[in-house]
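Text of model_26.cif (mmCIF, C-alpha atoms) as supplied:
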```cif
data_final
#
loop_
_atom_site.label_atom_id
_atom_site.label_comp_id
_atom_site.auth_asym_id
_atom_site.auth_seq_id
_atom_site.Cartn_x
_atom_site.Cartn_y
_atom_site.Cartn_z
CA MET P 15 64.37 -1.83 -20.38
CA LYS P 16 61.91 1.03 -20.77
CA VAL P 17 58.51 0.48 -19.15
CA VAL P 18 55.20 2.32 -19.35
CA CYS P 19 52.82 1.90 -16.43
CA ILE P 20 49.18 2.20 -17.50
CA GLY P 21 47.25 2.78 -14.30
CA SER P 22 47.91 4.44 -10.96
CA GLY P 23 45.90 2.37 -8.49
CA ASN P 24 47.01 -0.10 -5.83
CA VAL P 25 48.55 -2.75 -8.12
CA ALA P 26 50.12 -0.18 -10.45
CA THR P 27 51.67 1.70 -7.54
CA HIS P 28 53.26 -1.35 -5.95
CA LEU P 29 54.50 -2.76 -9.26
CA ALA P 30 55.94 0.59 -10.32
CA ASN P 31 57.73 1.02 -7.01
CA ALA P 32 59.08 -2.54 -7.09
CA LEU P 33 60.37 -2.16 -10.66
CA THR P 34 61.95 1.21 -9.90
CA ALA P 35 63.70 -0.29 -6.87
CA LYS P 36 65.26 -2.82 -9.24
CA GLY P 37 66.61 -0.07 -11.48
CA VAL P 38 63.99 -0.39 -14.23
CA ASP P 39 63.30 2.84 -16.13
CA LEU P 40 59.59 3.67 -15.90
CA ILE P 41 59.32 6.36 -18.51
CA GLN P 42 55.60 7.13 -18.22
CA VAL P 43 52.64 6.69 -15.89
CA TRP P 44 49.17 6.98 -17.41
CA SER P 45 45.89 7.54 -15.61
CA ARG P 46 42.60 9.07 -16.67
CA ASP P 47 43.09 11.34 -13.68
CA LEU P 48 46.27 13.34 -14.27
CA ALA P 49 46.57 14.11 -10.55
CA ASN P 50 46.73 10.40 -9.74
CA ALA P 51 49.26 9.78 -12.52
CA SER P 52 51.34 12.71 -11.28
CA GLU P 53 51.37 11.44 -7.70
CA LEU P 54 52.79 8.07 -8.74
CA ALA P 55 55.09 9.51 -11.43
CA LYS P 56 56.63 11.95 -8.95
CA SER P 57 57.46 9.14 -6.52
CA ILE P 58 59.35 7.15 -9.17
CA ASN P 59 60.82 10.06 -11.18
CA SER P 60 58.63 9.38 -14.22
CA VAL P 61 56.39 11.41 -16.54
CA ALA P 62 52.64 11.60 -15.94
CA ILE P 63 50.15 11.55 -18.81
CA SER P 64 46.36 11.30 -19.03
CA ASN P 65 45.95 10.88 -22.78
CA LEU P 66 46.51 7.41 -24.24
CA ASP P 67 47.62 9.01 -27.50
CA GLU P 68 50.66 10.37 -25.65
CA ILE P 69 51.99 6.94 -24.72
CA ASP P 70 55.58 6.38 -25.84
CA ARG P 71 55.35 3.67 -28.49
CA SER P 72 59.04 2.74 -28.29
CA ALA P 73 58.97 1.18 -24.81
CA ASP P 74 59.91 -2.46 -24.21
CA LEU P 75 57.12 -3.27 -21.76
CA TYR P 76 53.63 -1.86 -21.15
CA ILE P 77 51.92 -2.86 -17.93
CA ILE P 78 48.15 -2.42 -17.95
CA ALA P 79 47.09 -2.25 -14.31
CA VAL P 80 43.52 -0.93 -14.52
CA LYS P 81 40.05 -2.23 -13.66
CA ASP P 82 39.24 -5.46 -15.46
CA ASP P 83 36.43 -3.94 -17.51
CA ALA P 84 38.80 -1.21 -18.81
CA ILE P 85 41.58 -3.52 -20.05
CA SER P 86 40.11 -4.08 -23.49
CA ALA P 87 39.51 -0.38 -24.18
CA VAL P 88 42.97 0.60 -22.99
CA SER P 89 44.71 -2.15 -24.98
CA SER P 90 42.95 -1.11 -28.18
CA SER P 91 44.96 2.11 -28.13
CA LEU P 92 48.21 0.10 -28.17
CA LYS P 93 47.69 -1.68 -31.51
CA GLY P 94 50.81 -1.73 -33.65
CA ILE P 95 53.17 -1.47 -30.70
CA ASN P 96 56.13 -3.86 -30.91
CA GLY P 97 56.85 -3.96 -27.19
CA LEU P 98 55.39 -6.52 -24.83
CA VAL P 99 51.97 -5.55 -23.44
CA VAL P 100 50.73 -7.29 -20.29
CA HIS P 101 47.77 -6.91 -17.98
CA THR P 102 47.79 -7.72 -14.26
CA SER P 103 44.30 -9.20 -13.86
CA GLY P 104 43.59 -12.55 -12.28
CA ALA P 105 40.15 -12.98 -13.81
CA THR P 106 40.76 -11.66 -17.34
CA SER P 107 41.89 -13.96 -20.16
CA ILE P 108 45.12 -13.32 -22.05
CA ASP P 109 42.95 -13.34 -25.19
CA THR P 110 41.72 -9.84 -24.30
CA LEU P 111 45.06 -8.63 -25.67
CA SER P 112 45.10 -10.87 -28.76
CA ALA P 113 44.90 -7.94 -31.22
CA LEU P 114 48.43 -6.94 -30.16
CA LYS P 115 51.73 -8.30 -31.50
CA ASN P 116 53.33 -9.40 -28.23
CA TYR P 117 51.23 -9.78 -25.13
CA GLY P 118 50.90 -11.58 -21.84
CA VAL P 119 49.84 -11.51 -18.20
CA LEU P 120 51.76 -10.58 -15.05
CA TYR P 121 49.39 -11.36 -12.18
CA PRO P 122 50.59 -10.71 -8.61
CA LEU P 123 48.66 -12.99 -6.25
CA GLN P 124 48.45 -10.58 -3.35
CA THR P 125 46.23 -7.93 -1.83
CA PHE P 126 47.53 -4.37 -2.23
CA SER P 127 46.81 -1.05 -0.54
CA LYS P 128 48.74 2.05 -1.56
CA ALA P 129 49.60 3.06 2.00
CA LYS P 130 50.77 -0.39 3.09
CA PRO P 131 54.35 -1.28 2.02
CA ILE P 132 54.85 -4.85 0.82
CA ASP P 133 57.89 -7.00 0.15
CA PHE P 134 57.49 -7.94 -3.51
CA ALA P 135 60.16 -10.65 -3.13
CA ASN P 136 57.51 -12.84 -1.44
CA VAL P 137 54.61 -12.12 -3.81
CA PRO P 138 53.70 -15.08 -6.06
CA LEU P 139 53.72 -13.89 -9.66
CA CYS P 140 51.70 -15.77 -12.28
CA ILE P 141 52.83 -15.28 -15.85
CA GLU P 142 51.49 -16.19 -19.30
CA ALA P 143 52.53 -14.99 -22.76
CA SER P 144 51.54 -15.19 -26.40
CA ASN P 145 54.89 -16.52 -27.62
CA VAL P 146 58.17 -17.99 -26.38
CA HIS P 147 60.14 -14.75 -26.57
CA SER P 148 57.51 -12.79 -24.64
CA LEU P 149 57.39 -15.53 -22.00
CA GLU P 150 61.16 -15.30 -21.54
CA VAL P 151 60.95 -11.52 -21.15
CA LEU P 152 58.16 -11.88 -18.58
CA ARG P 153 60.02 -14.62 -16.72
CA SER P 154 63.06 -12.35 -16.51
CA VAL P 155 61.07 -9.35 -15.27
CA ALA P 156 59.09 -11.44 -12.77
CA GLY P 157 62.26 -13.14 -11.55
CA GLU P 158 63.80 -9.76 -10.75
CA LEU P 159 60.80 -8.88 -8.61
CA SER P 160 60.04 -12.14 -6.82
CA SER P 161 61.25 -15.69 -6.30
CA PRO P 162 57.89 -17.49 -6.47
CA VAL P 163 57.12 -17.22 -10.22
CA TYR P 164 54.60 -19.58 -11.81
CA GLU P 165 53.57 -20.13 -15.40
CA VAL P 166 49.77 -20.28 -15.17
CA ASP P 167 47.31 -20.21 -18.07
CA SER P 168 44.16 -18.08 -18.11
CA GLU P 169 41.75 -20.80 -16.94
CA LYS P 170 43.88 -21.82 -13.96
CA ARG P 171 44.59 -18.19 -13.12
CA LYS P 172 40.85 -17.55 -13.03
CA ILE P 173 40.50 -20.39 -10.51
CA LEU P 174 43.33 -18.96 -8.40
CA HIS P 175 41.58 -15.59 -8.43
CA LEU P 176 38.33 -17.19 -7.26
CA ALA P 177 40.15 -18.99 -4.43
CA ALA P 178 41.84 -15.70 -3.51
CA VAL P 179 38.44 -14.00 -3.19
CA PHE P 180 37.46 -16.63 -0.62
CA ALA P 181 40.83 -16.54 1.18
CA CYS P 182 41.22 -12.76 1.25
CA ASN P 183 38.21 -10.65 0.28
CA PHE P 184 35.55 -12.75 2.00
CA VAL P 185 37.71 -13.26 5.10
CA ASN P 186 38.35 -9.53 5.36
CA HIS P 187 34.60 -8.92 5.07
CA LEU P 188 34.09 -11.33 7.96
CA TYR P 189 36.50 -9.19 9.98
CA THR P 190 34.23 -6.24 9.19
CA LEU P 191 31.21 -8.17 10.42
CA SER P 192 33.09 -9.21 13.57
CA ASP P 193 33.86 -5.57 14.22
CA LYS P 194 30.18 -4.75 13.74
CA ILE P 195 29.19 -7.38 16.33
CA VAL P 196 31.65 -6.28 19.03
CA GLU P 197 30.83 -2.61 18.44
CA HIS P 198 27.11 -3.39 18.77
CA PHE P 199 27.74 -4.96 22.17
CA GLU P 200 30.19 -2.22 23.23
CA LEU P 201 33.36 -4.31 22.96
CA ASP P 202 36.65 -3.59 21.19
CA PHE P 203 37.77 -5.25 17.92
CA GLU P 204 41.36 -4.91 19.20
CA MET P 205 40.66 -7.90 21.48
CA LEU P 206 40.21 -10.16 18.43
CA LYS P 207 43.51 -9.31 16.71
CA PRO P 208 45.68 -11.95 18.48
CA LEU P 209 43.08 -14.58 17.48
CA ILE P 210 43.16 -13.39 13.87
CA MET P 211 46.97 -13.53 13.83
CA GLU P 212 47.13 -17.04 15.32
CA THR P 213 44.57 -18.31 12.80
CA ALA P 214 46.62 -16.91 9.90
CA LEU P 215 49.84 -18.37 11.30
CA LYS P 216 48.37 -21.87 11.62
CA VAL P 217 47.67 -22.22 7.91
CA GLN P 218 51.29 -21.40 7.09
CA THR P 219 52.26 -24.89 8.25
CA GLU P 220 48.99 -26.87 8.30
CA LEU P 221 46.07 -27.51 5.95
CA PRO P 222 43.11 -25.31 6.95
CA ILE P 223 40.82 -28.32 7.28
CA ASN P 224 43.14 -29.83 9.91
CA VAL P 225 43.14 -26.78 12.18
CA GLN P 226 39.43 -25.89 12.08
CA THR P 227 38.06 -25.08 15.53
CA GLY P 228 34.80 -23.69 16.89
CA PRO P 229 31.29 -24.86 17.81
CA ALA P 230 30.30 -26.01 14.31
CA VAL P 231 33.17 -28.48 13.94
CA ARG P 232 32.45 -29.75 17.48
CA ASN P 233 28.75 -29.95 16.63
CA ASP P 234 28.05 -27.87 19.74
CA GLU P 235 24.40 -27.15 19.01
CA GLN P 236 23.64 -25.37 22.31
CA THR P 237 26.39 -22.81 21.74
CA MET P 238 25.28 -22.21 18.16
CA ILE P 239 21.69 -21.64 19.31
CA LYS P 240 22.94 -19.05 21.83
CA HIS P 241 25.00 -17.32 19.15
CA GLN P 242 22.04 -17.12 16.80
CA GLY P 243 19.92 -15.70 19.57
CA LEU P 244 22.40 -12.86 19.98
CA LEU P 245 22.03 -12.17 16.25
CA ASN P 246 18.22 -11.95 16.23
CA GLY P 247 18.47 -8.19 15.72
CA MET P 248 20.94 -8.69 12.86
CA PRO P 249 19.18 -11.08 10.46
CA GLU P 250 21.78 -10.82 7.67
CA LEU P 251 24.59 -11.78 10.05
CA LYS P 252 22.45 -14.57 11.48
CA GLU P 253 21.96 -16.00 7.97
CA ILE P 254 25.71 -15.84 7.30
CA TYR P 255 26.38 -17.57 10.63
CA GLN P 256 23.96 -20.36 9.73
CA THR P 257 25.35 -20.79 6.20
CA LEU P 258 28.98 -20.95 7.33
CA SER P 259 28.22 -23.24 10.26
CA LYS P 260 26.38 -25.61 7.94
CA SER P 261 29.33 -25.60 5.53
CA ILE P 262 31.83 -26.33 8.33
CA LYS P 263 29.70 -29.20 9.65
CA LYS P 264 29.32 -30.67 6.16
CA THR P 265 33.06 -30.40 5.49
CA HIS P 266 33.88 -32.27 8.69
CA LEU P 267 31.33 -35.07 8.47
#
```
Transcribe the structure of this file into C-alpha cells.
Amino acid sequence: MKVVCIGSGNVATHLANALTAKGVDLIQVWSRDLANASELAKSINSVAISNLDEIDRSADLYIIAVKDDAISAVSSSLKGINGLVVHTSGATSIDTLSALKNYGVLYPLQTFSKAKPIDFANVPLCIEASNVHSLEVLRSVAGELSSPVYEVDSEKRKILHLAAVFACNFVNHLYTLSDKIVEHFELDFEMLKPLIMETALKVQTELPINVQTGPAVRNDEQTMIKHQGLLNGMPELKEIYQTLSKSIKKTHL
C-alpha cells in the first residue's frame, strides 16, 4: 500500500510514524510549510512537498490530517483520485469529502503531542467510509495500527469528540488553573501530580460518578466558602469554582 500523508502536525506525525513502523510505504508528506513537511518526511524516509498539485495521484490511501476548517479546501485538490481519501477529524462529517470517489474517516480518539511517544496499539480508532470496499480497506489499516477499532458514523463521532473535549481539553485546562493557584500562593504544582494520577487511575475501573470526592459532593458549605474567599482576587477562577461545584452538587442530589 502506498500512502500520502497530508499534514505534518501532531496527528499526522503520530499516524505517519505508526504506519511506517508497520511497514507501510508513505511516499509523500505534504504541508503548507515545506520545513515542517521535510522534518516529518525525513523521519520516515519519505518525500516532502508543499504544493498540492505535486501530490502523487496513484497512491492507495490519502490521509488528510489538517485543521478542520482546511479539510474541504485540501480535499478539493484531490478530485478524480481513485485511491481512498480519509480525514482524521472527530467533529467533521464524512460528507465533507463527498465530491471524491472513495472516501472515509480515520479518527484516533486520543490526545497527541509531537514530542510525546504514544503506543498506537491502545488508541481507539473510529472509522467510517462511503462504500463497503473502502470500509474494508480502512478496517484493515486501522486493525494493523490498533486493536480497539470502532465503526462510528459522523453524528456519533461528533458526540464522542464533544465528550473528549470535556474529558481531556477541559480537564487539562483545569490543571493549568490549579498550577496558577499554587504558584500564586508560592506552592509547587509537583505536589498535585500523585493526586492527578490517582484520579485518572480510578476511572479505569469505576464510573466517574461513583468515585467523586471533594467538598461539593459532601455538601461541605463551610469549606467551599473558605475556598471562594481565597479566590476573591481571581474572579474568573472563583466563577469556575462556583459553576463546577454547583454541577457536582446537582449531579449527586
Name all residues at most 9 Å from Ala26 (chain P) (count all atoms listed in the file; drop same-chain ones fewer than 3 positions away) and give them as a short mmCIF file (atom, residue, chain, number, x, y, z; two decimals) with C-alpha atoms, in the frame of the given file.
```
data_model
loop_
_atom_site.label_atom_id
_atom_site.label_comp_id
_atom_site.auth_asym_id
_atom_site.auth_seq_id
_atom_site.Cartn_x
_atom_site.Cartn_y
_atom_site.Cartn_z
CA CYS P 19 52.82 1.90 -16.43
CA ILE P 20 49.18 2.20 -17.50
CA GLY P 21 47.25 2.78 -14.30
CA SER P 22 47.91 4.44 -10.96
CA GLY P 23 45.90 2.37 -8.49
CA LEU P 29 54.50 -2.76 -9.26
CA ALA P 30 55.94 0.59 -10.32
CA ASN P 31 57.73 1.02 -7.01
CA LEU P 54 52.79 8.07 -8.74
CA ILE P 77 51.92 -2.86 -17.93
CA ILE P 78 48.15 -2.42 -17.95
CA ALA P 79 47.09 -2.25 -14.31
CA VAL P 80 43.52 -0.93 -14.52
CA THR P 102 47.79 -7.72 -14.26
#
```
Q) So how far away is CA of Lys16 (chain P) from CA of Leu40 (chain P), in Å? A) 6.0 Å
Q. Smallest atom-to-atom distance to Gln124 (chain P): which of P:Val231, P:Leu244, P:Val155, P:Cys182, using only C-alpha atoms?
A. P:Cys182
Q: Could you give me, as a list in words, the residues that sit within 12 Å of (52.5, -1.3, 1.2) in the file's coordinates, counting only C-alpha atoms?
A: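 The residues near that point, listed by chain and number, are Asn24, Val25, Ala26, Thr27, His28, Leu29, Asn31, Ala32, Gln124, Thr125, Phe126, Ser127, Lys128, Ala129, Lys130, Pro131, Ile132, Asp133 and Phe134 of chain P.
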Could you write out the selected residues, including C-alpha atoms, as a PDB file, keeping the file's coordinate frame?
```
ATOM      1  CA  ASN P  24      47.010  -0.100  -5.830  1.00  0.00           C
ATOM      2  CA  VAL P  25      48.550  -2.750  -8.120  1.00  0.00           C
ATOM      3  CA  ALA P  26      50.120  -0.180 -10.450  1.00  0.00           C
ATOM      4  CA  THR P  27      51.670   1.700  -7.540  1.00  0.00           C
ATOM      5  CA  HIS P  28      53.260  -1.350  -5.950  1.00  0.00           C
ATOM      6  CA  LEU P  29      54.500  -2.760  -9.260  1.00  0.00           C
ATOM      7  CA  ASN P  31      57.730   1.020  -7.010  1.00  0.00           C
ATOM      8  CA  ALA P  32      59.080  -2.540  -7.090  1.00  0.00           C
ATOM      9  CA  GLN P 124      48.450 -10.580  -3.350  1.00  0.00           C
ATOM     10  CA  THR P 125      46.230  -7.930  -1.830  1.00  0.00           C
ATOM     11  CA  PHE P 126      47.530  -4.370  -2.230  1.00  0.00           C
ATOM     12  CA  SER P 127      46.810  -1.050  -0.540  1.00  0.00           C
ATOM     13  CA  LYS P 128      48.740   2.050  -1.560  1.00  0.00           C
ATOM     14  CA  ALA P 129      49.600   3.060   2.000  1.00  0.00           C
ATOM     15  CA  LYS P 130      50.770  -0.390   3.090  1.00  0.00           C
ATOM     16  CA  PRO P 131      54.350  -1.280   2.020  1.00  0.00           C
ATOM     17  CA  ILE P 132      54.850  -4.850   0.820  1.00  0.00           C
ATOM     18  CA  ASP P 133      57.890  -7.000   0.150  1.00  0.00           C
ATOM     19  CA  PHE P 134      57.490  -7.940  -3.510  1.00  0.00           C
TER      20      PHE P 134
END
```
Q) Which one of P:Leu114, P:Val196, P:Leu174, P:Leu258 sits closest to Val88 (chain P) if you count only C-alpha atoms? A)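 Using only C-alpha atoms, the shortest distance to Val88 (chain P) belongs to P:Leu114.
Note that the spacing between CA of Ser64 (chain P) and CA of Ala105 (chain P) amounts to 25.6 Å.
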**Q.** Atom pair CA of Lys56 (chain P) / CA of Asp39 (chain P): separation (Å)
**A.** 13.4 Å
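With all atoms listed in the file as the atoms that count, the residue of P:Lys170, P:His147, P:Lys260, P:Lys93 with the shortest distance to Ile108 (chain P) is P:Lys170.
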Q | Picked residues, the PyMOL selection byres ((chain P and resi 89-91) around 12), as an MDAnalysis selection string | A | chainID P and resid 20 65:71 76:80 82:88 92:95 98:101 108:118
Q.
For the PyMOL selection byres ((chain P and resi 43) around 6), applied here, can you spell out every residue it catches as a list in words?
A.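 That selection, the PyMOL selection byres ((chain P and resi 43) around 6), comes back as Cys19, Ile20, Gln42, Trp44, Ala51, Ala55 and Ala62 of chain P.
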Q: Tell me which of P:Leu159, P:Met248, P:Val17, P:Val146 sits closest to Pro122 (chain P), counting all atoms listed in the file.
A: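 Of the candidates, the smallest distance to Pro122 (chain P) is held by P:Leu159.
When all atoms listed in the file are used to compute distances to Ile223 (chain P), the closest of the residues P:Asn59, P:Asn145, P:Ser261, P:Glu200 turns out to be P:Ser261.
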Q: Determine the residue membership of the PyMOL selection byres ((chain P and resi 156) around 10) for the file above and supply it as a VMD selection string.
A: chain P and resid 33 120 to 122 135 138 to 141 150 to 155 157 to 164
Q | Within 9 Å of Gln242 (chain P) using only C-alpha atoms, minus same-chain residues under 3 positions, as a PyMOL selection string | A | chain P and resi 237-239+245-246+251-253+255-256
